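Shown next: coords.tsv, given as TSV, C-alpha atoms and all ligand atoms.
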chain	number	residue	atom	x	y	z
A	1	MET	CA	22.79	2.40	-34.07
A	2	SER	CA	22.41	5.97	-32.98
A	3	PHE	CA	19.77	6.49	-30.36
A	4	ASP	CA	19.44	9.84	-28.66
A	5	LEU	CA	17.24	9.48	-25.62
A	6	ASN	CA	17.23	13.21	-24.95
A	7	SER	CA	15.76	14.07	-28.32
A	8	LEU	CA	12.99	11.57	-27.64
A	9	LEU	CA	12.18	12.97	-24.21
A	10	ARG	CA	9.67	15.80	-23.77
A	11	PRO	CA	11.75	18.93	-23.10
A	12	HIS	CA	9.91	19.94	-19.92
A	13	ILE	CA	10.48	16.48	-18.43
A	14	ALA	CA	14.22	16.83	-19.03
A	15	LYS	CA	14.12	20.06	-17.03
A	16	LEU	CA	11.70	18.84	-14.36
A	17	GLN	CA	12.76	19.00	-10.73
A	18	PRO	CA	11.17	15.90	-9.15
A	19	TYR	CA	9.40	15.87	-5.79
A	20	THR	CA	11.72	14.73	-3.04
A	21	SER	CA	9.93	12.84	-0.30
A	22	ALA	CA	10.96	12.53	3.33
A	23	ARG	CA	12.12	9.00	2.55
A	24	ASP	CA	14.32	10.34	-0.27
A	25	GLU	CA	16.09	12.86	1.89
A	26	TYR	CA	16.91	10.49	4.71
A	27	THR	CA	17.23	6.79	3.85
A	28	GLY	CA	18.61	5.44	7.14
A	29	LYS	CA	16.55	2.93	9.12
A	30	ASP	CA	17.37	3.96	12.70
A	31	GLY	CA	16.34	7.08	14.51
A	32	VAL	CA	13.41	9.07	15.78
A	33	PHE	CA	11.32	9.67	12.68
A	34	LEU	CA	9.57	13.01	12.86
A	35	ASP	CA	9.96	13.85	9.19
A	36	ALA	CA	6.94	12.48	7.32
A	37	ASN	CA	3.87	13.46	9.37
A	38	GLU	CA	3.10	9.81	10.07
A	39	ASN	CA	1.10	8.51	13.03
A	40	PRO	CA	3.61	7.56	15.76
A	41	PHE	CA	1.20	5.23	17.59
A	42	GLY	CA	0.87	2.68	14.79
A	43	SER	CA	-2.16	1.66	12.76
A	44	ILE	CA	-5.72	0.69	13.56
A	45	THR	CA	-5.07	-2.66	11.85
A	46	ALA	CA	-3.41	-5.70	13.40
A	47	GLN	CA	-0.37	-5.12	11.22
A	48	ASP	CA	1.25	-1.68	11.31
A	49	PHE	CA	1.17	0.35	8.10
A	50	ASN	CA	1.85	3.78	9.62
A	51	ARG	CA	5.24	4.40	7.95
A	52	TYR	CA	5.60	5.43	4.30
A	53	PRO	CA	7.20	2.71	2.17
A	54	ASP	CA	10.55	2.82	0.37
A	55	PRO	CA	9.85	5.03	-2.68
A	56	TYR	CA	12.38	3.12	-4.85
A	57	GLN	CA	11.64	-0.38	-3.52
A	58	SER	CA	15.38	-1.12	-3.10
A	59	ASP	CA	15.12	-4.46	-1.27
A	60	LEU	CA	12.54	-5.77	-3.70
A	61	LYS	CA	14.47	-4.62	-6.78
A	62	GLU	CA	17.59	-6.34	-5.49
A	63	GLU	CA	15.75	-9.67	-5.38
A	64	ILE	CA	14.06	-9.13	-8.75
A	65	ALA	CA	17.45	-8.22	-10.23
A	66	LYS	CA	18.79	-11.61	-9.11
A	67	ILE	CA	16.05	-13.68	-10.70
A	68	LYS	CA	16.00	-11.55	-13.88
A	69	HIS	CA	19.79	-11.39	-14.18
A	70	MET	CA	20.21	-7.64	-14.35
A	71	ARG	CA	21.10	-4.63	-12.20
A	72	PRO	CA	18.51	-3.12	-9.80
A	73	THR	CA	19.05	0.22	-11.57
A	74	GLN	CA	17.59	-1.28	-14.76
A	75	ILE	CA	14.27	-2.00	-13.06
A	76	PHE	CA	11.20	0.20	-12.70
A	77	LEU	CA	8.27	-1.04	-10.62
A	78	GLY	CA	4.78	0.25	-11.28
A	79	ASN	CA	1.32	-0.05	-9.82
A	80	GLY	CA	0.61	-2.69	-12.48
A	81	SER	CA	2.12	-2.57	-15.96
A	82	ASP	CA	-0.54	-0.01	-16.69
A	83	GLU	CA	1.31	2.59	-14.64
A	84	ALA	CA	4.50	2.02	-16.65
A	85	ILE	CA	2.54	2.39	-19.89
A	86	ASP	CA	1.03	5.68	-18.74
A	87	LEU	CA	4.38	7.04	-17.54
A	88	LEU	CA	5.96	6.24	-20.91
A	89	PHE	CA	3.35	8.39	-22.64
A	90	ARG	CA	3.86	11.19	-20.16
A	91	ALA	CA	7.65	11.09	-20.46
A	92	PHE	CA	8.00	10.85	-24.22
A	93	CYS	CA	4.83	11.96	-26.00
A	94	ASN	CA	3.82	15.60	-26.34
A	95	PRO	CA	0.00	15.66	-26.33
A	96	GLY	CA	-1.53	16.70	-29.62
A	97	LYS	CA	1.79	16.38	-31.42
A	98	ASP	CA	3.54	13.06	-30.96
A	99	LYS	CA	2.40	9.60	-32.08
A	100	VAL	CA	2.80	5.96	-31.18
A	101	ILE	CA	2.38	2.81	-33.26
A	102	LEU	CA	0.10	-0.02	-32.13
A	103	LEU	CA	-0.26	-3.43	-33.75
A	104	PRO	CA	-3.88	-4.62	-33.51
A	105	PRO	CA	-5.29	-6.90	-32.39
A	106	THR	CA	-3.45	-6.25	-29.14
A	107	TYR	CA	-3.75	-5.26	-25.50
A	108	GLY	CA	-6.34	-2.50	-25.12
A	109	MET	CA	-4.53	-0.40	-22.51
A	110	TYR	CA	-2.01	1.05	-25.00
A	111	GLU	CA	-4.81	2.74	-26.92
A	112	VAL	CA	-6.68	3.89	-23.81
A	113	SER	CA	-3.51	5.30	-22.27
A	114	ALA	CA	-2.68	7.07	-25.56
A	115	GLY	CA	-6.20	8.52	-25.56
A	116	ILE	CA	-5.92	9.75	-21.97
A	117	ASN	CA	-2.67	11.47	-22.87
A	118	ASP	CA	-4.03	12.90	-26.15
A	119	VAL	CA	-1.45	11.03	-28.20
A	120	GLU	CA	-2.25	10.06	-31.79
A	121	ILE	CA	-2.01	6.39	-32.65
A	122	ARG	CA	-1.04	4.81	-35.95
A	123	LYS	CA	-2.24	1.24	-36.30
A	124	VAL	CA	-0.44	-1.39	-38.35
A	125	ALA	CA	-2.46	-4.60	-38.24
A	126	LEU	CA	-0.84	-7.95	-37.66
A	127	THR	CA	-1.00	-10.48	-40.50
A	128	ASP	CA	-3.77	-13.11	-40.65
A	129	ASP	CA	-1.59	-15.39	-38.55
A	130	PHE	CA	-0.91	-12.55	-36.10
A	131	GLN	CA	2.66	-11.79	-37.13
A	132	LEU	CA	4.32	-8.36	-37.34
A	133	GLN	CA	4.67	-6.47	-40.62
A	134	PRO	CA	8.05	-4.79	-40.01
A	135	GLU	CA	8.28	-2.83	-43.27
A	136	LYS	CA	4.78	-1.45	-42.89
A	137	ILE	CA	5.51	-0.54	-39.29
A	138	LEU	CA	8.62	1.40	-40.28
A	139	ALA	CA	6.70	3.10	-43.10
A	140	ALA	CA	4.03	4.23	-40.63
A	141	ALA	CA	6.57	6.10	-38.50
A	142	ASP	CA	7.60	9.73	-38.89
A	143	GLU	CA	9.71	12.16	-36.86
A	144	HIS	CA	6.92	12.53	-34.28
A	145	THR	CA	6.55	8.79	-33.69
A	146	LYS	CA	7.98	8.14	-30.25
A	147	ILE	CA	6.98	4.64	-29.17
A	148	LEU	CA	6.21	1.27	-30.80
A	149	PHE	CA	4.28	-1.19	-28.64
A	150	ILE	CA	4.87	-4.88	-29.37
A	151	CYS	CA	3.06	-7.44	-27.25
A	152	SER	CA	4.65	-10.90	-27.39
A	153	PRO	CA	3.19	-13.35	-26.58
A	154	ASN	CA	0.29	-11.24	-27.76
A	155	ASN	CA	-3.02	-10.65	-26.05
A	156	PRO	CA	-5.58	-11.67	-27.41
A	157	SER	CA	-4.01	-13.78	-30.18
A	158	ALA	CA	-1.84	-15.87	-27.77
A	159	ASN	CA	1.02	-16.35	-30.24
A	160	LYS	CA	4.55	-14.98	-30.05
A	161	ALA	CA	6.05	-12.61	-32.60
A	162	LYS	CA	9.01	-13.80	-34.67
A	163	ARG	CA	12.17	-12.88	-32.81
A	164	GLU	CA	13.94	-11.71	-35.97
A	165	ASP	CA	11.09	-9.26	-36.70
A	166	ILE	CA	11.41	-7.67	-33.27
A	167	LEU	CA	15.20	-7.49	-33.63
A	168	TYR	CA	14.81	-5.87	-37.06
A	169	LEU	CA	12.49	-3.25	-35.57
A	170	LEU	CA	14.87	-2.64	-32.67
A	171	LYS	CA	17.60	-1.94	-35.23
A	172	ASN	CA	15.53	0.28	-37.50
A	173	PHE	CA	12.73	1.99	-35.55
A	174	LYS	CA	13.85	5.46	-34.47
A	175	GLY	CA	11.90	5.66	-31.21
A	176	LEU	CA	11.44	3.53	-28.13
A	177	VAL	CA	10.44	-0.12	-28.69
A	178	VAL	CA	8.32	-1.54	-25.87
A	179	VAL	CA	8.13	-5.34	-25.76
A	180	ASP	CA	5.29	-6.34	-23.42
A	181	GLU	CA	6.08	-9.79	-22.05
A	182	ALA	CA	3.16	-10.21	-19.64
A	183	TYR	CA	2.84	-13.84	-20.83
A	184	ILE	CA	6.52	-14.71	-21.28
A	185	ASP	CA	6.44	-17.30	-18.46
A	186	PHE	CA	4.09	-19.45	-20.54
A	187	SER	CA	6.29	-19.36	-23.65
A	188	ASP	CA	9.40	-21.24	-24.73
A	189	GLU	CA	10.72	-17.94	-26.10
A	190	PRO	CA	13.58	-16.41	-24.12
A	191	SER	CA	12.87	-12.94	-22.74
A	192	PHE	CA	14.08	-9.88	-24.63
A	193	THR	CA	15.71	-8.69	-21.40
A	194	THR	CA	18.87	-10.39	-22.73
A	195	GLU	CA	18.84	-7.84	-25.58
A	196	LEU	CA	18.90	-4.79	-23.29
A	197	VAL	CA	22.71	-4.67	-23.56
A	198	ASN	CA	22.46	-4.42	-27.34
A	199	TYR	CA	19.57	-1.98	-27.78
A	200	PRO	CA	19.36	1.29	-25.82
A	201	ASN	CA	15.90	1.89	-27.34
A	202	LEU	CA	14.41	-1.30	-25.83
A	203	LEU	CA	12.07	-1.44	-22.84
A	204	VAL	CA	10.71	-4.81	-21.71
A	205	MET	CA	7.59	-5.04	-19.56
A	206	GLN	CA	6.66	-7.98	-17.36
A	207	THR	CA	4.16	-8.38	-14.54
A	208	PHE	CA	3.43	-10.26	-11.34
A	209	SER	CA	-0.24	-10.45	-12.35
A	210	LYS	CA	-0.20	-13.62	-14.44
A	211	ALA	CA	2.24	-16.49	-13.72
A	212	TRP	CA	2.94	-15.28	-10.19
A	213	GLY	CA	-0.75	-15.15	-9.34
A	214	LEU	CA	-0.53	-11.69	-7.75
A	215	ALA	CA	-2.93	-9.68	-9.92
A	216	SER	CA	-4.62	-8.09	-6.93
A	217	LEU	CA	-1.38	-6.67	-5.53
A	218	ARG	CA	-0.77	-4.62	-8.72
A	219	LEU	CA	2.92	-4.94	-9.48
A	220	GLY	CA	4.34	-4.46	-12.95
A	221	MET	CA	7.98	-4.37	-14.02
A	222	ALA	CA	9.76	-2.42	-16.71
A	223	PHE	CA	13.35	-3.24	-17.67
A	224	ALA	CA	15.46	-0.83	-19.69
A	225	SER	CA	18.67	1.20	-19.69
A	226	GLU	CA	19.50	3.05	-16.49
A	227	GLU	CA	18.80	6.33	-18.28
A	228	ILE	CA	15.25	5.32	-19.21
A	229	ILE	CA	14.56	3.92	-15.73
A	230	GLN	CA	15.76	7.18	-14.16
A	231	ILE	CA	13.25	9.10	-16.25
A	232	LEU	CA	10.38	6.87	-15.09
A	233	ASN	CA	11.54	7.17	-11.47
A	234	LYS	CA	11.63	10.94	-11.81
A	235	ILE	CA	8.00	11.27	-12.88
A	236	LYS	CA	6.30	8.47	-10.94
A	237	PRO	CA	4.15	9.22	-7.88
A	238	PRO	CA	6.60	9.06	-4.95
A	239	TYR	CA	5.12	6.08	-3.09
A	240	ASN	CA	3.62	4.20	-6.03
A	241	ILE	CA	4.17	0.69	-4.61
A	242	SER	CA	2.59	0.04	-1.21
A	243	GLY	CA	4.64	-1.38	1.63
A	244	LEU	CA	2.33	-4.37	1.78
A	245	THR	CA	2.99	-5.15	-1.88
A	246	GLN	CA	6.74	-4.74	-1.47
A	247	GLU	CA	6.85	-7.07	1.54
A	248	THR	CA	4.52	-9.65	0.06
A	249	VAL	CA	6.35	-9.90	-3.24
A	250	LEU	CA	9.73	-9.97	-1.52
A	251	ALA	CA	8.57	-13.03	0.41
A	252	ALA	CA	6.96	-14.53	-2.71
A	253	ILE	CA	10.24	-14.44	-4.61
A	254	GLN	CA	11.81	-16.71	-1.99
A	255	ASN	CA	9.14	-19.21	-2.96
A	256	LYS	CA	9.77	-19.05	-6.71
A	257	LYS	CA	9.72	-22.85	-6.97
A	258	LYS	CA	5.97	-22.72	-6.42
A	259	VAL	CA	5.59	-20.34	-9.38
A	260	ASP	CA	7.50	-22.73	-11.63
A	261	GLN	CA	5.23	-25.51	-10.43
A	262	MET	CA	2.08	-23.49	-11.16
A	263	ILE	CA	3.38	-22.61	-14.63
A	264	LYS	CA	3.93	-26.31	-15.31
A	265	GLN	CA	0.38	-27.03	-14.18
A	266	ILE	CA	-1.05	-24.28	-16.39
A	267	LEU	CA	0.91	-25.59	-19.38
A	268	ALA	CA	-0.44	-29.07	-18.71
A	269	GLU	CA	-3.95	-27.60	-18.69
A	270	ARG	CA	-3.17	-25.86	-21.98
A	271	ASP	CA	-2.26	-29.23	-23.53
A	272	PHE	CA	-5.37	-30.81	-22.06
A	273	LEU	CA	-7.74	-28.11	-23.27
A	274	LEU	CA	-6.12	-27.97	-26.72
A	275	LYS	CA	-6.59	-31.73	-27.09
A	276	GLU	CA	-10.17	-31.74	-25.81
A	277	MET	CA	-11.28	-28.67	-27.78
A	278	ALA	CA	-9.86	-30.15	-30.97
A	279	LYS	CA	-12.41	-32.96	-30.59
A	280	LEU	CA	-15.38	-30.58	-30.58
A	281	PRO	CA	-16.96	-30.42	-34.05
A	282	PHE	CA	-18.16	-26.83	-33.65
A	283	VAL	CA	-14.71	-25.46	-32.82
A	284	GLN	CA	-13.41	-24.02	-36.09
A	285	LYS	CA	-9.95	-23.01	-35.04
A	286	ILE	CA	-7.74	-22.98	-31.96
A	287	HIS	CA	-4.93	-20.51	-32.39
A	288	PRO	CA	-1.48	-21.70	-31.25
A	289	SER	CA	-0.86	-20.46	-27.72
A	290	HIS	CA	2.26	-19.24	-25.95
A	291	ALA	CA	0.14	-17.80	-23.16
A	292	ASN	CA	-2.20	-18.87	-20.35
A	293	PHE	CA	-5.25	-18.60	-22.58
A	294	LEU	CA	-6.57	-19.91	-25.88
A	295	LEU	CA	-8.10	-17.88	-28.69
A	296	VAL	CA	-10.79	-20.09	-30.16
A	297	LYS	CA	-12.96	-19.57	-33.23
A	298	ILE	CA	-16.55	-20.80	-32.85
A	299	PRO	CA	-19.39	-19.93	-35.23
A	300	ASN	CA	-21.88	-17.53	-33.62
A	301	ALA	CA	-19.37	-16.64	-30.94
A	302	ASN	CA	-21.60	-13.83	-29.60
A	303	GLN	CA	-24.43	-16.28	-28.97
A	304	VAL	CA	-22.09	-18.91	-27.54
A	305	TYR	CA	-20.64	-16.28	-25.22
A	306	ASP	CA	-24.11	-15.38	-23.88
A	307	ASP	CA	-25.10	-19.04	-23.56
A	308	LEU	CA	-21.92	-19.81	-21.65
A	309	ILE	CA	-22.74	-17.03	-19.20
A	310	ALA	CA	-26.14	-18.62	-18.65
A	311	GLU	CA	-24.17	-21.76	-17.72
A	312	LYS	CA	-22.08	-19.62	-15.33
A	313	VAL	CA	-18.93	-19.97	-17.43
A	314	ILE	CA	-17.43	-16.60	-18.23
A	315	VAL	CA	-14.96	-16.20	-21.08
A	316	ARG	CA	-13.85	-13.06	-22.94
A	317	ASN	CA	-15.77	-12.23	-26.07
A	318	ARG	CA	-13.32	-11.01	-28.71
A	319	ALA	CA	-15.71	-11.43	-31.66
A	320	LYS	CA	-15.72	-7.71	-32.48
A	321	VAL	CA	-11.94	-7.39	-32.44
A	322	LEU	CA	-10.00	-7.04	-35.71
A	323	LEU	CA	-8.85	-10.44	-37.08
A	324	CYS	CA	-10.65	-12.18	-34.21
A	325	GLU	CA	-14.08	-12.57	-35.82
A	326	ASP	CA	-16.11	-15.23	-34.00
A	327	CYS	CA	-13.36	-15.69	-31.44
A	328	LEU	CA	-13.57	-16.24	-27.71
A	329	ARG	CA	-10.56	-15.81	-25.45
A	330	ILE	CA	-10.53	-18.52	-22.84
A	331	THR	CA	-8.22	-18.33	-19.82
A	332	LEU	CA	-6.84	-21.70	-18.73
A	333	GLY	CA	-8.42	-22.74	-15.45
A	334	THR	CA	-7.95	-25.67	-13.11
A	335	ARG	CA	-8.80	-29.13	-14.46
A	336	ALA	CA	-12.26	-28.92	-12.87
A	337	GLU	CA	-12.86	-25.46	-14.36
A	338	ASN	CA	-11.68	-26.56	-17.78
A	339	GLU	CA	-13.97	-29.56	-17.64
A	340	ALA	CA	-16.85	-27.30	-16.63
A	341	LEU	CA	-16.04	-25.15	-19.66
A	342	LEU	CA	-15.97	-28.17	-21.96
A	343	SER	CA	-19.27	-29.54	-20.80
A	344	ALA	CA	-20.92	-26.10	-20.96
A	345	LEU	CA	-19.54	-25.66	-24.48
A	346	ARG	CA	-20.88	-29.05	-25.56
A	347	LYS	CA	-24.23	-28.22	-24.10
A	348	VAL	CA	-24.63	-24.76	-25.68
A	349	CYS	CA	-23.11	-25.63	-29.06
A	350	GLU	CA	-24.89	-28.91	-29.56
A	351	LYS	CA	-28.27	-27.37	-28.86
A	352	SER	CA	-27.68	-24.63	-31.44
A	353	THR	CA	-27.85	-25.33	-35.16
A	354	VAL	CA	-24.53	-23.77	-36.07
A	355	HIS	CA	-22.53	-26.91	-36.83
A	401	LIG	C1	-2.46	-8.78	-18.22
A	401	LIG	C2	-1.55	-7.94	-19.06
A	401	LIG	C3	-0.67	-7.04	-18.48
A	401	LIG	C4	-0.57	-6.91	-16.99
A	401	LIG	O1	-1.08	-5.74	-16.53
A	401	LIG	P1	-0.93	-5.41	-14.97
A	401	LIG	O2	-1.33	-3.98	-14.94
A	401	LIG	O3	0.52	-5.61	-14.62
A	401	LIG	O4	-1.82	-6.32	-14.23
A	401	LIG	C5	0.18	-6.31	-19.29
A	401	LIG	N1	0.16	-6.47	-20.62
A	401	LIG	C6	-0.68	-7.34	-21.21
A	401	LIG	C7	-0.63	-7.51	-22.66
A	401	LIG	C8	-1.56	-8.08	-20.45
A	401	LIG	O5	-2.42	-8.93	-21.06
Write-out of the structure in structure tokens:
Amino acid sequence: MSFDLNSLLRPHIAKLQPYTSARDEYTGKDGVFLDANENPFGSITAQDFNRYPDPYQSDLKEEIAKIKHMRPTQIFLGNGSDEAIDLLFRAFCNPGKDKVILLPPTYGMYEVSAGINDVEIRKVALTDDFQLQPEKILAAADEHTKILFICSPNNPSANKAKREDILYLLKNFKGLVVVDEAYIDFSDEPSFTTELVNYPNLLVMQTFSKAWGLASLRLGMAFASEEIIQILNKIKPPYNISGLTQETVLAAIQNKKKVDQMIKQILAERDFLLKEMAKLPFVQKIHPSHANFLLVKIPNANQVYDDLIAEKVIVRNRAKVLLCEDCLRITLGTRAENEALLSALRKVCEKSTVH
């Protein structure tokens, strides 16, 4: 397949001279550091934060590279996946001219980020069972279509896309194919990172926000060819990942066993909630889940949503979303939380006349 990254890139980005920070120009660790206008006396906090962090997060990327089986140079780290999404628009899409393809219902940030960057979106809906429509997707693309966003497992539908459909699009779509794997740890599907060697137009996104339980730290990953990663590095804010985040995640990776254990627990809760929800007469449909949430169809979902809030159980109302009519998105909680959800659901649905 011929893929010309340079013709995809915005011309001024190709020419751009990036900012070089003090920590770019001298990367040694010893010496008298009078180069970055830092406070030499330390910080006002118990822990010192007075020195700027490593702009390319080298130590952290080395550890991530080991657990993801790739080279550190294939990894971009962002202030959440949302930063990677925004940088992709800024690198590849000329405002007012270029386009991207989105596959609704899907993660809302792609559309918002496109809007912020004044990039036109073409939408190709998923099928009724939330699968891709590869031929329609290809037909929606033209010479200005730069990026295709595929979310798998998908938010909010919870299912995974068929692998052969994604592979077909990787072979035939002329722009960059982003596969957002925020929920991959909850799926039996192998990651598309193994396909990076075969497809120079592939970028895979993952995050520390879900399975790792580090949403507050804001750390998202993008995996792609070295060439694509270099472009993202060139345009990112110099110190986009805080030192505290780098240190904390570095230590967390040494404790990966605990993540695997939490994933197992969440999957057990998924089985439990699936089984218990199936017994509720007012639940019309529970969509198959490869994620840490369930998409559930309940008549009068808007009312049920409000009534659940009155019971202090907060779920995500997706009733207005395409193909998700009367659907609530329910994140898997602890056993106690899931039981609280079940009893609140029984209470609010059995009092209403909907079933
Ligand atoms: C939660 C989620 C993310 C993660 O975003 P962060 O900015 O890394 O917290 C990315 N993509 C999808 C589809 C998500 O649902």
Ranking A:Leu323, A:Cys93, A:Ile64, A:Ile44 by minimum distance to Ser7 in chain A and counting all atoms listed in the file, which one comes first? A:Cys93
With all atoms listed in the file as the basis for distance, which of A:Val204, A:Ile229, A:Leu345, A:Ala22 is at the shortest distance from ligand LIG 401 (chain A)? A:Val204
Spatial neighbours of Thr73 in chain A, max dist 10 Å, only C-alpha atoms, sep filter under 6 positions, as an NGL selection string: :A and (56 or 58 or 61-62 or 65 or 223-230)
Show me which residues sit within 7 Å of ligand LIG 401 (chain A) when counting all atoms listed in the file, and put them as a ChimeraX atom specification. /A:79-82,107,151,154-155,180-182,206-210,215,218-220
Could you list, as a CSV table (one decimal) with C-alpha atoms, in the frame of the given file, every residue within 12 Å of Glu120 in chain A, counting all atoms listed in the file and ignoring same-chain residues fewer than 6 positions away?
chain,number,residue,atom,x,y,z
A,89,PHE,CA,3.4,8.4,-22.6
A,93,CYS,CA,4.8,12.0,-26.0
A,94,ASN,CA,3.8,15.6,-26.3
A,95,PRO,CA,0.0,15.7,-26.3
A,96,GLY,CA,-1.5,16.7,-29.6
A,97,LYS,CA,1.8,16.4,-31.4
A,98,ASP,CA,3.5,13.1,-31.0
A,99,LYS,CA,2.4,9.6,-32.1
A,100,VAL,CA,2.8,6.0,-31.2
A,101,ILE,CA,2.4,2.8,-33.3
A,102,LEU,CA,0.1,0.0,-32.1
A,110,TYR,CA,-2.0,1.0,-25.0
A,111,GLU,CA,-4.8,2.7,-26.9
A,112,VAL,CA,-6.7,3.9,-23.8
A,113,SER,CA,-3.5,5.3,-22.3
A,114,ALA,CA,-2.7,7.1,-25.6
A,141,ALA,CA,6.6,6.1,-38.5
A,144,HIS,CA,6.9,12.5,-34.3
A,145,THR,CA,6.6,8.8,-33.7
A,146,LYS,CA,8.0,8.1,-30.2
A,147,ILE,CA,7.0,4.6,-29.2
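With only C-alpha atoms as the atoms that count, the minimum distance from Lys171 in chain A to the choices A:Phe49, A:Tyr199, A:Phe33, A:Phe92 is reached by A:Tyr199.
Closest approach to Gly213 in chain A among A:Leu232, A:Ile253, A:Ile241, A:Ile75: A:Ile253, based on only C-alpha atoms.
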